[in-house]
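Only one structure is covered here, and it is reproduced in the block below.
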Amino acid sequence: MLIDLHPEPADMARLVIDGMARHPKQLPAWLLYDAEGSRLFEAICEQPEYGLTRTETALLEAKAPELAAALGPGVVVEFGAGSARKVSPLLAALEPAAYVALDISADHLAPACRALQQRHPHLPVLGICCDYSRLEQLPDHPALKGHGRLGFYPGSSIGNFDPAGARDLLRQFRRLLGPGSRLLIGIDQPKAVERLEAAYNDAAGWSEAFARNLLTRLNRDLDGDFHPDDFDYRAWWDAGRSRIAMALVSRRELTVQLAGRPWPFAAGEALITEYSHKYDPGAFLALAAGAGWVGAGRWSDAAGDFALHLLVQADSEQHRSEP
């Protein structure tokens, strides 16, 4: 079953106007994920330079029994489910009461849920198309009743938010999941600058196509008149903020129309398409603590590139010290 709670066009326009008025201009990262954007992102994940997906998938497959034991019973709620492929080893080991997938792209979510249902035919599956960062509450649906909630947030997607926004999102997860819930979250960790920058500048050009597709979406959905050839794609490591910045940079002085308003660009001005913050274990646990979560477990690959953190609510009697 699929429930469509996608933001209305008026809400999208308001968010875009707010983002274009920022300095630098920056739009919500979820706007990248229309049907074409989701397809392009799946291609990025297959590139040799982009090891995050392969590392996380291998970690989930290798540690699924341990993760299931640590999570315990309940309903798995995945935020930003995408293709919903990463969760399969966890579902097989956990055998939860139900699986709920939240994602911004209905076109991507529906086939992903159908494919997951085929892999797990006896598991109740519910898809919810929404902006989970702004969702007031999870729908009143039988699949979500009578069981504890186990949050799953893979892909280091929390890195798309600045630290203040990431704390707000972790508080939002607390609210949506409810008292006593647990959260398993993937975190990409700092590594050599050359590797980080290569991951977001793949030789095949998928990362650039992904960013440029944002302009196509803005033209289509919000009456924009962007000319993609007026912009260069750039991605670079910002060591001071421990993040990769991805942007479309204006080649010349120009003005675009978008959401009924003119927006001037200076030559060399950046439109930030997304950030990807990287956290070492201590920095991430400090961030989580500011949102009321406590570390209860951590699993990492041998190279220390990526980690899965299990978080429990700080006021829960079930939490224990992280090993």
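Here, A, B, ... name the chains of the structure tokens in the order displayed, residue numbers run from 1 inside each chain, and ligands are numbered from 1 in the same displayed order.
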
Could you give me the residues within stretch 95-273 of chain A that DSSP places in strand (DSSP E), as a PyMOL selection string?
chain A and resi 98-103+125-129+149-153+182-188+231-238+243-250+254-258+261-265+270-273

List as a PDB file with N, CA, C and O atoms, in the first residue's frame the protein and nucleic acid residues near stretch 253-265 of chain A, meaning an atom at most 7 Å away when only C-alpha atoms are counted, but skip any in the same chain fewer than 4 places from it.
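selection_7.pdb written:
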```
ATOM      1  N   ALA A  13       7.140  25.629  -3.652  1.00  0.00           N
ATOM      2  CA  ALA A  13       7.519  26.968  -4.092  1.00  0.00           C
ATOM      3  C   ALA A  13       8.033  27.800  -2.919  1.00  0.00           C
ATOM      4  O   ALA A  13       9.028  28.528  -3.042  1.00  0.00           O
ATOM      5  N   LEU A 222       8.272  24.422 -11.321  1.00  0.00           N
ATOM      6  CA  LEU A 222       8.110  25.759 -10.746  1.00  0.00           C
ATOM      7  C   LEU A 222       8.336  26.859 -11.783  1.00  0.00           C
ATOM      8  O   LEU A 222       8.734  27.973 -11.439  1.00  0.00           O
ATOM      9  N   ASP A 223       8.058  26.524 -13.049  1.00  0.00           N
ATOM     10  CA  ASP A 223       8.098  27.522 -14.136  1.00  0.00           C
ATOM     11  C   ASP A 223       9.434  28.253 -14.200  1.00  0.00           C
ATOM     12  O   ASP A 223       9.484  29.471 -14.422  1.00  0.00           O
ATOM     13  N   GLY A 224      10.528  27.523 -14.026  1.00  0.00           N
ATOM     14  CA  GLY A 224      11.844  28.131 -14.139  1.00  0.00           C
ATOM     15  C   GLY A 224      12.287  28.247 -15.582  1.00  0.00           C
ATOM     16  O   GLY A 224      11.734  27.609 -16.486  1.00  0.00           O
ATOM     17  N   ASP A 225      13.300  29.074 -15.796  1.00  0.00           N
ATOM     18  CA  ASP A 225      13.881  29.170 -17.139  1.00  0.00           C
ATOM     19  C   ASP A 225      15.402  29.034 -17.080  1.00  0.00           C
ATOM     20  O   ASP A 225      16.138  29.712 -17.796  1.00  0.00           O
ATOM     21  N   PHE A 226      15.872  28.135 -16.211  1.00  0.00           N
ATOM     22  CA  PHE A 226      17.303  27.837 -16.150  1.00  0.00           C
ATOM     23  C   PHE A 226      17.771  27.256 -17.482  1.00  0.00           C
ATOM     24  O   PHE A 226      17.080  26.437 -18.097  1.00  0.00           O
ATOM     25  N   GLU A 269      28.871  32.699  -9.102  1.00  0.00           N
ATOM     26  CA  GLU A 269      28.034  32.475  -7.915  1.00  0.00           C
ATOM     27  C   GLU A 269      27.528  31.031  -7.888  1.00  0.00           C
ATOM     28  O   GLU A 269      27.137  30.476  -8.914  1.00  0.00           O
TER      29      GLU A 269
END
```

Test item: residues at most 6 Å from A:Ile244, only C-alpha atoms, excluding those fewer than 5 positions along its chain, as JSON, numbers by chain:
{"A": [236, 237, 238, 275, 276]}

Same residues, C-alpha atoms, saved as a tab-separated table (two decimals), in the first residue's frame:
```tsv
chain	number	residue	atom	x	y	z
A	236	TRP	CA	34.91	20.07	-3.13
A	237	TRP	CA	35.94	19.15	0.42
A	238	ASP	CA	35.45	21.87	3.04
A	275	TYR	CA	26.15	19.16	1.33
A	276	SER	CA	27.47	15.85	2.64
```

Could you give me, as a ChimeraX atom specification, the residues within 6 Å of A:Gly127, counting only C-alpha atoms and dropping anything in the same chain fewer than 6 positions from it?
/A:2,100-101

Which distance in Å separates atom CA of A:Pro65 and atom CA of A:Ala289, to one decimal?
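Computing the Euclidean distance for atom CA of A:Pro65 and atom CA of A:Ala289 yields 26.4 Å.
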
Tell me, as a ChimeraX atom specification, which residues lie within 10 Å of stretch 302-318 of chain A, counting only C-alpha atoms; anything in the same chain fewer than 4 positions away does not count.
/A:51-53,55-56,59-60,63,67,70-71,150-156,174,178-192,278-281,284-285,288-289,291-298,322

Non-local contacts of A:Ala209 (9 Å; only C-alpha atoms; under 6 positions in same chain excluded) as a ChimeraX atom specification:
/A:37,40,233

Using only C-alpha atoms, determine which residues lie at most 12 Å from A:Asp140, disregarding the query and same-chain residues fewer than 4 positions distant; provide the list as a count of residues only.
8

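Relative to atom CA of A:Pro111, atom CA of A:Leu94 is found at 22.8 Å.
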